[in-house]
Amino acid sequence: MRAPDLRPYLEEDVGSGDVTSRVFLPDTDAEAVITCEQDAVVAGLEEAIAIFAILGAKAVPSVHDGDRVAAGTEVMRITGPMRSLMTAERTALNFMMRMSGIATLTRTLQDRMDAVAPGTRVAATRKTTPGFRYFEKKAVALGGGWTHRWGLDDMAMVKDNHIAAAGGMDAVAARMKDVPPGIKVEIEVLDLEEGKAAARAGADIVMGDHFSPSDVKVLRDELRKINPDILIEASGNITSANAADYAGCADIVSLGELTHSPRAVHFSMDVVPSSDKPY
């Protein structure tokens, strides 16, 4: 997926102009510091730098996207027109808050998985904010998770409604030959017998929907007898509270919470005082 143009995000906030900065701030240069106010995995620095640059300010990061930082860590310094710093502040911080929240949650869950069964992958879903998917998926990757599908065009996922509309699993199996080369196929199943049928049909990944951890393990063990290379994904009713229960039972554990309900990470921007300037 291509990175979206950042200008519309800034324009959404600025509108016809930043009245406050234009009226109340002097037309001088300034320096500001952005601080992360809590322990977190930082993400969105690249986007923040680009947003400040649109308004002629230069931002230099003190850490890298994907780094763990402690509360109180300076993550960026910005220099340029004071009005530009103030105008771009909220949009830049919004990117960092949202993306860092996703990256932090992803890293937390991946660490829990690794502590139980290294190799189990935490994965995102398509439950993303319209217009913001690129950045949310990028944040998942920065947190160490798997982005899964970026959209409907990069992987085939045959879910229960598809199976019913197609005419059943036999009809799905008959159409597998029509899948374009290089496109992986994942099939959602509701029980072990459907899983076996999906594996025999040639699925690359079988998703156990609303399976318990023990049932997912049985699904994986039985389907590996049919195809040793098949991957098993657990999904449905999985949250940050129970995701680690599936470590060692499934190869992939996906949850929408990564992108639809992360807790934002708090950042603050402060202008650096200067004795010879009026701020």
# chains A, B, ... in the order shown; residues from 1 in each chain; ligands from 1
>>> residues_around(residues="A:Met113", least_positions_apart="3", cutoff="12 Å", atoms="only C-alpha atoms", output="list in words")
Thr106, Arg107, Thr108, Leu109, Gln110, Val116, Ala117, Pro118, Gly119, Thr120, Arg121, Val122, Ala123, Gly144, Gly145, Ser240, Ala241, Asn242, Ala243, Ala244, Asp245, Tyr246, Ala247, Gly248, Cys249, Ala250, Asp251, Ile252 and Val253 of chain A
>>> select_by_dssp(residues="stretch 48-248 of chain A", states="alpha helix (DSSP H)", output="PyMOL selection string")
chain A and resi 48-54+82-116+133-142+160-166+169-175+192-201+213-226
>>> atom_distance(atom1="atom CA of A:Glu47", atom2="atom CA of A:Asp65")
10.1 Å
>>> residues_around(residues="A:Asp154", least_positions_apart="2", cutoff="10 Å", atoms="only C-alpha atoms", output="ChimeraX atom specification")
/A:1,148-152,156-157,182-185
>>> residues_around(residues="A:Arg90", least_positions_apart="4", cutoff="12 Å", atoms="only C-alpha atoms", output="ChimeraX atom specification")
/A:9-14,18,34,48,51-52,84-86,94-98,266-269
>>> closest_residue(among="A:Val41, A:Asp114, A:Asn161, A:Glu188", to="A:Leu142", atoms="only C-alpha atoms")
A:Val41
